[in-house]
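To be precise, the following lines are query.csv, and they hold CSV, C-alpha atoms.
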```csv
chain,number,residue,atom,x,y,z
A,308,THR,CA,107.9,89.8,122.0
A,309,MET,CA,110.3,92.2,120.2
A,310,ILE,CA,113.4,90.7,118.7
A,311,ARG,CA,115.8,90.4,121.6
A,312,SER,CA,118.7,92.5,122.8
A,313,MET,CA,119.1,94.8,119.7
A,314,HIS,CA,117.1,97.6,120.8
A,315,THR,CA,118.3,98.2,122.8
A,316,ALA,CA,105.2,118.0,126.2
A,317,LEU,CA,102.6,119.0,127.7
A,318,ARG,CA,101.7,119.9,124.1
A,319,ALA,CA,98.1,120.0,124.9
A,320,LEU,CA,98.9,123.0,127.3
A,321,PRO,CA,99.7,126.5,126.2
A,322,ALA,CA,103.4,127.1,125.6
A,323,VAL,CA,103.6,129.7,128.3
A,324,THR,CA,102.3,127.1,130.8
A,325,LEU,CA,104.9,124.6,129.7
A,326,PHE,CA,107.6,127.1,130.2
A,327,PHE,CA,106.7,127.9,133.8
A,328,LEU,CA,106.2,124.2,134.7
A,329,VAL,CA,109.6,123.3,133.3
A,330,SER,CA,111.3,126.3,134.8
A,331,ALA,CA,109.8,125.8,138.3
A,332,SER,CA,110.8,122.1,138.5
A,333,GLY,CA,114.1,122.2,136.7
A,334,ALA,CA,115.8,125.5,137.5
A,335,GLY,CA,116.9,124.5,141.0
A,336,ALA,CA,117.9,121.0,140.0
A,337,ARG,CA,119.9,122.2,137.1
A,338,GLU,CA,121.9,124.9,138.9
A,339,GLY,CA,125.4,123.7,139.4
A,340,ALA,CA,124.6,120.2,138.3
A,341,VAL,CA,126.5,117.8,136.1
A,342,GLU,CA,124.5,117.3,132.9
A,343,LEU,CA,123.8,113.7,131.8
A,344,GLU,CA,125.5,112.9,128.5
A,345,GLU,CA,122.4,111.0,127.5
A,346,ALA,CA,118.9,111.3,128.9
A,347,ASP,CA,116.3,109.6,126.6
A,348,VAL,CA,112.7,108.7,127.6
A,349,PHE,CA,110.7,107.2,124.7
A,350,PHE,CA,108.0,104.8,123.6
A,351,GLU,CA,108.4,101.6,121.6
A,352,LEU,CA,105.4,100.1,119.7
A,353,ASN,CA,105.4,96.6,118.3
A,354,ASN,CA,102.7,97.1,115.7
A,355,THR,CA,102.7,93.4,114.8
A,356,ASP,CA,102.0,92.1,118.3
A,357,GLY,CA,100.0,95.2,119.3
A,358,ASP,CA,101.8,96.3,122.4
A,359,LEU,CA,103.4,99.5,123.8
A,360,GLY,CA,106.2,100.1,126.3
A,361,ILE,CA,108.1,102.9,127.8
A,362,HIS,CA,111.9,102.9,127.7
A,363,ALA,CA,114.7,105.1,129.1
A,364,LYS,CA,118.4,105.3,128.5
A,365,LEU,CA,120.6,107.3,130.8
A,366,ASP,CA,124.4,107.8,130.6
A,367,GLY,CA,126.8,110.1,132.3
A,368,GLU,CA,129.2,110.6,135.2
A,369,PRO,CA,129.4,107.9,137.8
A,370,TRP,CA,126.3,108.2,140.1
A,371,LYS,CA,125.0,106.5,143.2
A,372,ARG,CA,121.4,107.6,143.0
A,373,ILE,CA,119.1,108.7,140.2
A,374,GLN,CA,115.3,109.3,139.7
A,375,ILE,CA,112.9,110.3,137.0
A,376,ARG,CA,109.9,112.5,137.5
A,377,ASN,CA,107.0,113.0,135.1
A,378,PRO,CA,105.7,116.5,133.9
A,379,TRP,CA,103.6,116.7,137.1
A,380,GLY,CA,106.6,116.2,139.3
A,381,ARG,CA,105.6,112.7,140.3
A,382,LYS,CA,108.4,110.2,140.8
A,383,GLN,CA,108.4,107.5,138.2
A,384,LEU,CA,111.7,105.7,139.0
A,385,LYS,CA,114.2,105.8,141.8
A,386,VAL,CA,117.5,103.8,141.7
A,387,SER,CA,120.1,103.8,144.4
A,388,ALA,CA,123.5,102.0,144.5
A,389,ARG,CA,124.8,101.1,148.0
A,390,GLY,CA,127.9,99.6,149.5
A,391,GLN,CA,130.7,98.8,147.2
A,392,LEU,CA,128.5,99.6,144.1
A,393,GLY,CA,127.6,103.0,145.5
A,394,ARG,CA,131.3,103.8,145.9
A,395,GLN,CA,132.1,102.5,142.4
A,396,GLY,CA,129.2,104.3,140.8
A,397,ILE,CA,127.0,103.5,137.9
A,398,THR,CA,127.4,105.3,134.5
A,399,GLU,CA,124.7,103.9,132.3
A,400,LEU,CA,121.1,102.7,132.8
A,401,PHE,CA,118.7,101.3,130.3
A,402,PHE,CA,115.2,99.9,131.1
A,403,GLU,CA,112.2,98.6,129.2
A,404,SER,CA,108.8,98.5,130.9
A,405,ALA,CA,106.4,95.6,130.6
A,406,GLU,CA,104.6,95.5,127.3
A,407,PRO,CA,101.1,94.1,127.8
A,408,THR,CA,99.0,93.7,124.6
A,409,PHE,CA,96.3,96.1,123.8
A,410,ASP,CA,93.7,93.6,125.0
A,411,GLU,CA,95.3,93.8,128.4
A,412,LEU,CA,96.0,97.5,128.5
A,413,ASP,CA,94.2,99.9,126.2
A,414,PRO,CA,96.5,102.3,124.4
A,415,GLU,CA,94.6,105.3,125.7
A,416,GLU,CA,95.0,104.1,129.3
A,417,PHE,CA,98.7,103.5,128.6
A,418,PHE,CA,99.2,107.1,127.3
A,419,GLY,CA,97.3,108.4,130.3
A,420,ARG,CA,99.9,106.8,132.6
A,421,PHE,CA,102.7,108.5,130.7
A,422,PRO,CA,101.6,112.1,129.7
A,423,GLU,CA,103.4,114.2,127.2
A,424,GLY,CA,105.8,116.6,128.6
A,425,TYR,CA,109.3,117.0,130.0
A,426,TYR,CA,110.6,114.2,132.2
A,427,GLU,CA,113.3,115.3,134.6
A,428,ILE,CA,116.1,113.1,135.7
A,429,THR,CA,118.0,114.1,138.9
A,430,GLY,CA,120.5,112.3,141.0
A,431,GLY,CA,123.9,112.5,142.8
A,432,THR,CA,127.3,111.5,141.6
A,433,THR,CA,129.9,109.5,143.5
A,434,GLU,CA,131.7,112.8,144.0
A,435,GLY,CA,128.8,114.4,145.7
A,436,GLN,CA,127.6,116.6,142.8
A,437,LYS,CA,124.1,117.0,141.6
A,438,LEU,CA,123.2,115.2,138.4
A,439,PHE,CA,120.6,116.5,135.9
A,440,GLY,CA,118.9,115.7,132.7
A,441,ILE,CA,115.7,116.4,130.9
A,442,ASP,CA,113.9,114.9,127.9
A,443,GLU,CA,110.6,115.6,126.2
A,444,LEU,CA,108.2,112.6,125.8
A,445,THR,CA,105.5,112.9,123.1
A,446,HIS,CA,102.7,110.6,122.0
A,447,LEU,CA,103.9,110.9,118.4
A,448,LEU,CA,104.5,107.4,117.1
A,449,PRO,CA,105.8,106.6,113.6
A,450,ALA,CA,103.4,104.9,111.3
A,451,PRO,CA,104.4,101.3,110.7
A,452,PRO,CA,106.2,100.6,107.4
A,453,GLU,CA,103.8,99.4,104.7
A,454,ASN,CA,104.0,97.4,101.5
A,455,VAL,CA,106.8,95.3,103.0
A,456,THR,CA,108.2,92.7,100.6
A,457,VAL,CA,110.8,90.0,100.7
A,458,SER,CA,112.5,89.7,97.3
A,459,GLY,CA,109.4,91.1,95.7
A,460,VAL,CA,107.0,88.8,97.6
A,461,PRO,CA,104.5,90.4,100.0
A,462,ALA,CA,105.7,89.8,103.6
A,463,ALA,CA,103.7,87.7,106.0
A,464,GLU,CA,101.5,89.6,108.4
A,465,ASP,CA,103.3,87.8,111.2
A,466,CYS,CA,105.4,84.8,111.9
A,467,ASP,CA,102.4,82.5,112.5
A,468,ALA,CA,101.4,82.7,108.8
A,469,ASP,CA,101.3,79.4,107.0
A,470,PRO,CA,102.9,79.2,104.6
A,471,LEU,CA,105.6,81.8,105.0
A,472,PRO,CA,107.0,83.5,102.0
A,473,ALA,CA,109.8,81.3,100.5
A,474,VAL,CA,112.4,83.2,98.5
A,475,SER,CA,115.8,82.7,96.9
A,476,THR,CA,119.0,84.5,97.7
A,477,PRO,CA,119.9,87.3,97.5
A,478,VAL,CA,117.2,88.4,99.9
A,479,VAL,CA,116.1,92.0,99.7
A,480,ILE,CA,113.6,93.4,102.2
A,481,ALA,CA,111.8,96.5,101.0
A,482,TRP,CA,109.2,98.9,102.3
A,483,ASP,CA,107.5,102.2,101.6
A,484,PRO,CA,109.0,105.4,103.2
A,485,VAL,CA,107.3,106.4,106.5
A,486,THR,CA,106.4,110.2,106.6
A,487,THR,CA,103.6,110.4,109.1
A,488,SER,CA,102.6,109.4,112.6
A,489,HIS,CA,100.6,106.3,113.4
A,490,PRO,CA,97.1,106.4,111.9
A,491,ASP,CA,95.4,105.0,115.0
A,492,LEU,CA,97.5,105.5,118.1
A,493,GLY,CA,98.7,108.6,119.9
A,494,ARG,CA,98.8,111.8,117.9
A,495,THR,CA,97.6,110.5,114.6
A,496,ASP,CA,98.4,111.4,111.0
A,497,GLU,CA,100.9,114.2,111.7
A,498,PRO,CA,104.1,114.7,109.7
A,499,ILE,CA,107.2,113.2,111.4
A,500,GLU,CA,110.9,113.4,111.0
A,501,VAL,CA,112.5,109.9,110.8
A,502,VAL,CA,116.0,110.0,112.2
A,503,ASN,CA,117.1,106.5,111.5
A,504,GLN,CA,115.8,103.0,110.8
A,505,GLN,CA,116.9,99.5,111.8
A,506,VAL,CA,116.6,96.1,110.3
A,507,VAL,CA,117.1,93.1,112.6
A,508,LEU,CA,117.3,89.5,111.4
A,509,GLU,CA,117.3,86.5,113.7
A,510,ARG,CA,117.8,82.8,113.2
A,511,GLU,CA,116.8,80.9,116.3
A,512,GLU,CA,117.9,77.3,115.6
A,513,PRO,CA,120.2,75.5,116.2
A,514,GLU,CA,121.5,78.5,118.2
A,515,LEU,CA,120.5,82.1,118.3
A,516,LEU,CA,122.1,84.4,115.7
A,517,VAL,CA,121.2,88.0,115.3
A,518,LEU,CA,122.1,90.6,112.7
A,519,SER,CA,121.3,94.2,113.3
A,520,VAL,CA,121.9,97.1,110.9
A,521,ASP,CA,121.2,100.8,111.3
A,522,LEU,CA,120.0,102.5,108.2
A,523,PRO,CA,119.7,106.2,107.2
A,524,PRO,CA,116.2,107.8,107.4
A,525,ASP,CA,115.6,107.7,103.7
A,526,ALA,CA,116.4,104.0,103.2
A,527,THR,CA,113.6,101.8,101.8
A,528,SER,CA,115.4,98.5,101.3
A,529,PHE,CA,118.1,96.2,102.7
A,530,GLU,CA,119.9,93.4,101.0
A,531,VAL,CA,120.6,90.6,103.5
A,532,PRO,CA,124.3,89.5,103.3
A,533,GLU,CA,124.6,86.1,101.8
A,534,ASP,CA,127.0,85.2,104.6
A,535,PHE,CA,124.1,85.4,107.0
A,536,THR,CA,121.5,83.6,104.8
A,537,ASP,CA,124.1,80.8,104.2
A,538,LEU,CA,123.5,80.0,107.9
A,539,ASP,CA,119.9,78.9,107.3
A,540,SER,CA,119.0,75.9,109.4
A,541,GLY,CA,115.8,75.2,107.5
A,542,ASP,CA,113.6,77.0,110.0
A,543,GLY,CA,113.8,80.3,108.2
A,544,PHE,CA,114.5,83.8,109.5
A,545,LYS,CA,112.6,86.4,111.5
A,546,PHE,CA,113.1,90.0,110.7
A,547,GLU,CA,112.1,93.4,112.1
A,548,ILE,CA,111.9,96.8,110.6
A,549,LEU,CA,112.1,99.6,113.2
A,550,ILE,CA,111.3,103.2,112.4
A,551,ARG,CA,112.7,105.8,114.9
A,552,GLU,CA,111.2,109.4,115.0
A,553,ASP,CA,113.0,112.6,116.1
A,554,SER,CA,111.5,112.4,119.6
A,555,GLY,CA,113.1,108.9,120.0
A,556,ASN,CA,109.8,107.1,119.8
A,557,GLN,CA,109.9,104.0,117.6
A,558,THR,CA,107.6,101.7,115.8
A,559,ALA,CA,108.4,98.2,114.7
A,560,ILE,CA,106.9,95.4,112.6
A,561,GLU,CA,107.9,91.8,112.5
A,562,SER,CA,107.7,89.1,109.9
A,563,CYS,CA,109.4,85.8,108.8
A,564,PHE,CA,110.5,84.2,105.6
A,565,GLU,CA,112.0,80.9,104.5
A,566,LEU,CA,114.7,80.2,101.9
A,567,LEU,CA,114.1,78.0,98.8
```
Encoded form (structure tokens):
Amino acid sequence: TMIRSMHTALRALPAVTLFFLVSASGAGAREGAVELEEADVFFELNNTDGDLGIHAKLDGEPWKRIQIRNPWGRKQLKVSARGQLGRQGITELFFESAEPTFDELDPEEFFGRFPEGYYEITGGTTEGQKLFGIDELTHLLPAPPENVTVSGVPAAEDCDADPLPAVSTPVVIAWDPVTTSHPDLGRTDEPIEVVNQQVVLEREEPELLVLSVDLPPDATSFEVPEDFTDLDSGDGFKFEILIREDSGNQTAIESCFELL
């Protein structure tokens, strides 16, 4: 599973077709509506475990109902708040879908469930106004970072490796820049624009400790603060490097290391 709690187009069709589909579905819903401040629908790939999921993050004026429709106008999600919660209103919603491995759900079947295109979010505020948002979902996934090292030592392929790399402090995690889409999944080997990266470190025992750092798109290394590595319990650390592309789609790899 992905490291916990920190992560939180119909392009195949002619452009003119896309324009009319979006206009037909969205024009009435948008008219006079309150725009969502944030309306993001995106994919997350764990390249190490081999699983894909769809996520969404919505934020805006207090609402009591909201729904998401795919590019074909089919309802994908409907949430309603009732009673006291309906009167109070909800301002933010984030969800992650289940992420079965590729053995359980082939990536092509997964992408077939969630076609490229514009996903429309509509709803109603607690003040009786219409709520509207729209986001483009693509099948463009960042390639996983390659040549990952921990203080110059090649990173383990996963956390089940035996032995794991053992390094001294200061610990520096490094990787090659990512400039293209995934070589095997979705729309392959296309140029991408990385908008930011994230490194997450986790120590599980004796109690869970997590360090998450956002990095600029051109970063290729991160030095772990010694205040964090000083907390080593002898069981080592898990780390994740997450690459986020302009569409919001993100690809992550996971590995582990121990301290000498």
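Of the residues listed (A:Val455, A:Val478, A:Leu392, A:Leu492), A:Leu392 shows the shortest atom-to-atom separation from Lys371 of chain A; distances use only C-alpha atoms.
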With a distance cut-off of 10 Å and all atoms listed in the file, select the neighbouring residues of segment 349-362 of chain A, excluding the residue or stretch itself and same-chain residues fewer than 2 positions from it, and output the selection as a VMD selection string.
chain A and resid 308 to 310 314 to 315 347 364 401 to 414 417 to 418 421 442 to 452 464 to 466 489 492 547 549 to 552 554 to 562
Asp539 of chain A surroundings by all atoms listed in the file, 9 Å radius, close-in-sequence under 3 positions cut, as a list in words:
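Skipping anything fewer than 3 positions along the chain leaves Arg510, Glu512, Phe535, Thr536, Asp542, Gly543, Phe544, Glu565 and Leu566 of chain A.
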So that I can check the surroundings of Val460 of chain A, please list as number ranges by chain every protein, DNA and RNA residue that reaches within 9 Å of it, counting all atoms listed in the file and ignoring chain neighbours fewer than 5 positions away.
A: 455, 472-474
Give me a file of those residues, with C-alpha atoms, as a CSV table (one decimal), in the frame of the given file.
```csv
chain,number,residue,atom,x,y,z
A,455,VAL,CA,106.8,95.3,103.0
A,472,PRO,CA,107.0,83.5,102.0
A,473,ALA,CA,109.8,81.3,100.5
A,474,VAL,CA,112.4,83.2,98.5
```
So that all listed atoms of segment 548-554 of chain A fit with 3 Å spare on each side, what axis-aligned box centre and edge lengths in Å, to one decimal, would you give as JSON?
```
{"center_x": 112.1, "center_y": 104.7, "center_z": 115.1, "size_x": 7.8, "size_y": 21.8, "size_z": 15.0}
```
Which polymer residues have any atom within 10 Å of an atom of Lys382 of chain A, counting only C-alpha atoms, with same-chain residues fewer than 5 positions away left out, as a PyMOL selection string?
chain A and resi 374-377+426-428
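Shortest separation to Pro422 of chain A among A:Leu365, A:Leu400, A:Ile373, A:Val348 occurs at residue A:Val348, atoms counted being all atoms listed in the file.
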Could you check the closest approach to Gln436 of chain A for each of A:Val507, A:Glu368, A:Ala526, A:Ala346 and tell me which residue wins, using only C-alpha atoms?
A:Glu368
Between A:Gly424, A:Gly431, A:Pro532, A:Gly367, which one has atoms that come closest to Leu343 of chain A, using only C-alpha atoms?
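The answer is A:Gly367, which sits nearest to Leu343 of chain A.
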With distances taken over only C-alpha atoms, which residue among A:Gln505, A:Thr486, A:Thr433, A:Ser458 lies nearest Gln391 of chain A?
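The answer is A:Thr433, which sits nearest to Gln391 of chain A.
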Residue nearest Gln395 of chain A among A:Gly440, A:Arg372, A:Gln383, A:Glu500 (counting all atoms listed in the file)
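Nearest to Gln395 of chain A: A:Arg372.
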Report, in Å with one decimal, the straight-line distance from atom CA of Ala481 of chain A to atom CA of Thr495 of chain A.
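Taking atom CA of Ala481 of chain A as the start and atom CA of Thr495 of chain A as the end point, the length is 24.1 Å.
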Can you tell me, as a ChimeraX atom specification, what residues are no more than 7 Å from Lys437 of chain A when counting all atoms listed in the file, ignoring any on the same chain fewer than 4 positions away?
/A:340-341,430-432
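You will find atom CA of Glu399 of chain A at 16.3 Å from atom CA of Glu434 of chain A.
Computed from the coordinates, the atom CA of Glu416 of chain A to atom CA of Arg381 of chain A distance equals 17.5 Å.
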Counting all atoms listed in the file, write as a ChimeraX atom specification all protein and nucleic acid residues lying at most 9 Å from (118.6, 107.5, 105.6) in the file's frame.
/A:501-504,522-527
